[in-house]
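Peer 1: Got a structure for you, questions after.
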Amino acid sequence: MIDIDHVFPFNFVLSDDLTITNVGPSLKSLVNEGASFQSQFEYVRPKFSLKYDFQSIKNFSNQVFIINLKTQKEPIKFKGQFLIQSKNEKNILLFLGSPWLLNAEDINRNIKDIKKRLLQIECCEIIRI
């Protein structure tokens, strides 16, 4: 059995009404479990025709998402995908992703929030421009 929290420590689970029902270990201090997805995150990409509802995210589940965690002073971007899973005969959305840091500025701006988590990240993606 794969330990999702180990492979994707920045994961979270959404119920069918987009309530955050579970968060990975690296998001525990950043995301409010029990809050709505829309109160914690905003879409960066894809943005067109995407609403804050289960069906809309499900329709784009084959796409890569970039989302902002908007509960911090400076939003932290995450890049990943939503997977549709069944749990107790209900559908849930599982976000599997990692911080999306484009340059040294992003790293410096987010270093306080991410520094203690970097040791856990085996999937952190840093893209050089």
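We name chains A, B, ... following the order of the structure tokens; residues begin at 1 in each chain, and ligands are numbered from 1 as shown.
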Skip Lys90 in chain A itself and residues of its chain fewer than 3 positions away, then list as a list in words all residues within 8 Å of it, counting only C-alpha atoms.
Peer 2: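 Neighbouring residues, sequence-local ones excluded: Asp16, Ser86 and Lys87 of chain A.
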Peer 1: Using only C-alpha atoms, which protein or nucleic acid residues come within 12 Å of Gly24 in chain A? Drop anything in the same chain fewer than 3 positions from it, and give the result as an NGL selection string.
Peer 2: :A and (3-13 or 20-21 or 27-33 or 94-98 or 117 or 120-121)
Peer 1: Just the residues within 12 Å of Lys79 in chain A, please, counting only C-alpha atoms, with nothing from its chain fewer than 2 positions along; format it as a PyMOL selection string.
Peer 2: chain A and resi 8+10-11+43-46+63-69+76-77+81-82+95-102+123-127
Peer 1: Convert the current residue selection to file output with N, CA, C and O atoms, as a short mmCIF file (atom, residue, chain, number, x, y, z; two decimals), in the first residue's frame.
Peer 2:
data_model
loop_
_atom_site.label_atom_id
_atom_site.label_comp_id
_atom_site.auth_asym_id
_atom_site.auth_seq_id
_atom_site.Cartn_x
_atom_site.Cartn_y
_atom_site.Cartn_z
N PHE A 8 3.36 12.41 -1.31
CA PHE A 8 2.82 13.74 -1.59
C PHE A 8 2.44 14.42 -0.27
O PHE A 8 1.25 14.47 0.08
N PHE A 10 2.04 17.35 0.48
CA PHE A 10 1.20 18.53 0.29
C PHE A 10 -0.17 18.15 -0.30
O PHE A 10 -0.79 18.93 -0.99
N ASN A 11 -0.65 16.95 -0.01
CA ASN A 11 -1.94 16.51 -0.53
C ASN A 11 -3.08 17.04 0.33
O ASN A 11 -2.88 17.44 1.48
N TYR A 43 -7.88 29.34 -8.02
CA TYR A 43 -7.31 28.78 -9.24
C TYR A 43 -6.38 29.78 -9.91
O TYR A 43 -6.70 30.96 -10.01
N VAL A 44 -5.25 29.28 -10.37
CA VAL A 44 -4.38 30.05 -11.24
C VAL A 44 -4.51 29.49 -12.65
O VAL A 44 -4.69 30.22 -13.61
N ARG A 45 -4.46 28.15 -12.74
CA ARG A 45 -4.61 27.47 -14.02
C ARG A 45 -5.18 26.08 -13.78
O ARG A 45 -4.75 25.43 -12.83
N PRO A 46 -6.08 25.57 -14.54
CA PRO A 46 -6.84 26.26 -15.58
C PRO A 46 -7.81 27.24 -14.95
O PRO A 46 -8.24 27.03 -13.81
N GLN A 63 -6.32 17.58 -16.22
CA GLN A 63 -5.46 18.74 -16.40
C GLN A 63 -4.54 18.94 -15.20
O GLN A 63 -4.85 18.52 -14.09
N VAL A 64 -3.43 19.61 -15.44
CA VAL A 64 -2.57 20.04 -14.34
C VAL A 64 -3.14 21.33 -13.79
O VAL A 64 -3.49 22.24 -14.54
N PHE A 65 -3.27 21.40 -12.48
CA PHE A 65 -3.78 22.58 -11.80
C PHE A 65 -2.63 23.34 -11.16
O PHE A 65 -1.68 22.74 -10.64
N ILE A 66 -2.74 24.64 -11.17
CA ILE A 66 -1.91 25.49 -10.33
C ILE A 66 -2.89 26.27 -9.47
O ILE A 66 -3.81 26.91 -9.98
N ILE A 67 -2.71 26.15 -8.16
CA ILE A 67 -3.61 26.81 -7.22
C ILE A 67 -2.79 27.62 -6.23
O ILE A 67 -1.67 27.27 -5.90
N ASN A 68 -3.36 28.74 -5.79
CA ASN A 68 -2.75 29.59 -4.77
C ASN A 68 -3.35 29.26 -3.43
O ASN A 68 -4.58 29.24 -3.29
N LEU A 69 -2.50 29.05 -2.44
CA LEU A 69 -2.95 29.01 -1.06
C LEU A 69 -3.04 30.46 -0.62
O LEU A 69 -2.02 31.15 -0.51
N ILE A 76 1.06 31.01 -1.68
CA ILE A 76 1.98 29.95 -2.09
C ILE A 76 1.30 29.17 -3.20
O ILE A 76 0.16 28.73 -3.06
N LYS A 77 2.00 29.00 -4.31
CA LYS A 77 1.44 28.26 -5.45
C LYS A 77 1.77 26.78 -5.31
O LYS A 77 2.86 26.40 -4.89
N GLN A 81 -2.47 17.60 -9.56
CA GLN A 81 -3.69 17.12 -10.20
C GLN A 81 -4.69 16.64 -9.16
O GLN A 81 -4.31 16.19 -8.08
N PHE A 82 -5.96 16.73 -9.54
CA PHE A 82 -7.03 16.17 -8.72
C PHE A 82 -7.37 14.78 -9.25
O PHE A 82 -7.55 14.60 -10.46
N PHE A 95 -6.15 15.91 -4.08
CA PHE A 95 -5.16 16.74 -4.76
C PHE A 95 -3.78 16.22 -4.42
O PHE A 95 -3.41 16.10 -3.25
N LEU A 96 -3.01 15.90 -5.45
CA LEU A 96 -1.63 15.45 -5.30
C LEU A 96 -0.75 16.48 -5.97
O LEU A 96 -0.82 16.66 -7.19
N GLY A 97 0.05 17.18 -5.20
CA GLY A 97 0.87 18.22 -5.78
C GLY A 97 2.04 18.59 -4.90
O GLY A 97 2.33 17.93 -3.90
N SER A 98 2.70 19.65 -5.30
CA SER A 98 3.87 20.14 -4.58
C SER A 98 3.97 21.65 -4.79
O SER A 98 3.35 22.20 -5.69
N PRO A 99 4.76 22.33 -3.94
CA PRO A 99 4.95 23.77 -4.15
C PRO A 99 5.52 24.02 -5.54
O PRO A 99 6.35 23.26 -6.03
N TRP A 100 5.05 25.08 -6.15
CA TRP A 100 5.50 25.43 -7.49
C TRP A 100 6.30 26.71 -7.37
O TRP A 100 5.74 27.81 -7.25
N LEU A 101 7.61 26.57 -7.37
CA LEU A 101 8.51 27.68 -7.17
C LEU A 101 9.22 27.96 -8.48
O LEU A 101 9.96 27.12 -8.99
N LEU A 102 9.00 29.13 -9.03
CA LEU A 102 9.51 29.45 -10.36
C LEU A 102 10.93 29.99 -10.36
O LEU A 102 11.65 29.86 -11.34
N CYS A 123 9.19 15.50 -3.74
CA CYS A 123 8.59 15.78 -5.04
C CYS A 123 8.53 17.27 -5.33
O CYS A 123 7.79 17.70 -6.19
N CYS A 124 9.29 18.09 -4.60
CA CYS A 124 9.26 19.52 -4.81
C CYS A 124 9.82 19.85 -6.19
O CYS A 124 10.87 19.38 -6.59
N GLU A 125 9.08 20.67 -6.92
CA GLU A 125 9.45 20.98 -8.29
C GLU A 125 9.91 22.43 -8.38
O GLU A 125 9.17 23.34 -8.04
N ILE A 126 11.13 22.62 -8.78
CA ILE A 126 11.65 23.96 -8.99
C ILE A 126 11.97 24.11 -10.46
O ILE A 126 12.75 23.35 -11.02
N ILE A 127 11.33 25.07 -11.09
CA ILE A 127 11.49 25.27 -12.53
C ILE A 127 12.38 26.48 -12.74
O ILE A 127 12.15 27.54 -12.17
#
Peer 1: Counting only C-alpha atoms, figure out which residue out of A:Leu50, A:Lys58, A:Glu42, A:Pro25 gets nearest to Phe78 in chain A.
Peer 2: A:Glu42
Peer 1: What separation in Å, quoted to one decimal, exists between CA of Asn22 in chain A and CA of Gly34 in chain A?
Peer 2: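 Computing the Euclidean distance for CA of Asn22 in chain A and CA of Gly34 in chain A yields 8.0 Å.
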Peer 1: Run DSSP on the backbone of this structure and report the residues of range 24-63 of chain A it assigns to strand (DSSP E or B), as a ChimeraX atom specification.
Peer 2: /A:36,41-45
Peer 1: Determine, counting only C-alpha atoms, which protein, DNA and RNA residues have an atom within 12 Å of an atom of Asp17 in chain A; residues of the same chain fewer than 3 positions away are not included. Present the result as a list of chain:residue names.
Peer 2: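 Within the cut-off, the hits are A:Val13, A:Leu14, A:Ile20, A:Thr21, A:Gly34, A:Ala35, A:Ser36, A:Phe37, A:Gln38, A:Tyr52, A:Asp53, A:Phe54, A:Gln55, A:Ser56, A:Ile57, A:Lys90, A:Asn91, A:Ile92, A:Leu93.
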Peer 1: Could you work out how far CA of Gln85 in chain A lies from CA of Phe41 in chain A, giving the answer in Å with one decimal?
Peer 2: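 Answer for the CA of Phe41 in chain A to CA of Gln85 in chain A separation: 20.5 Å.
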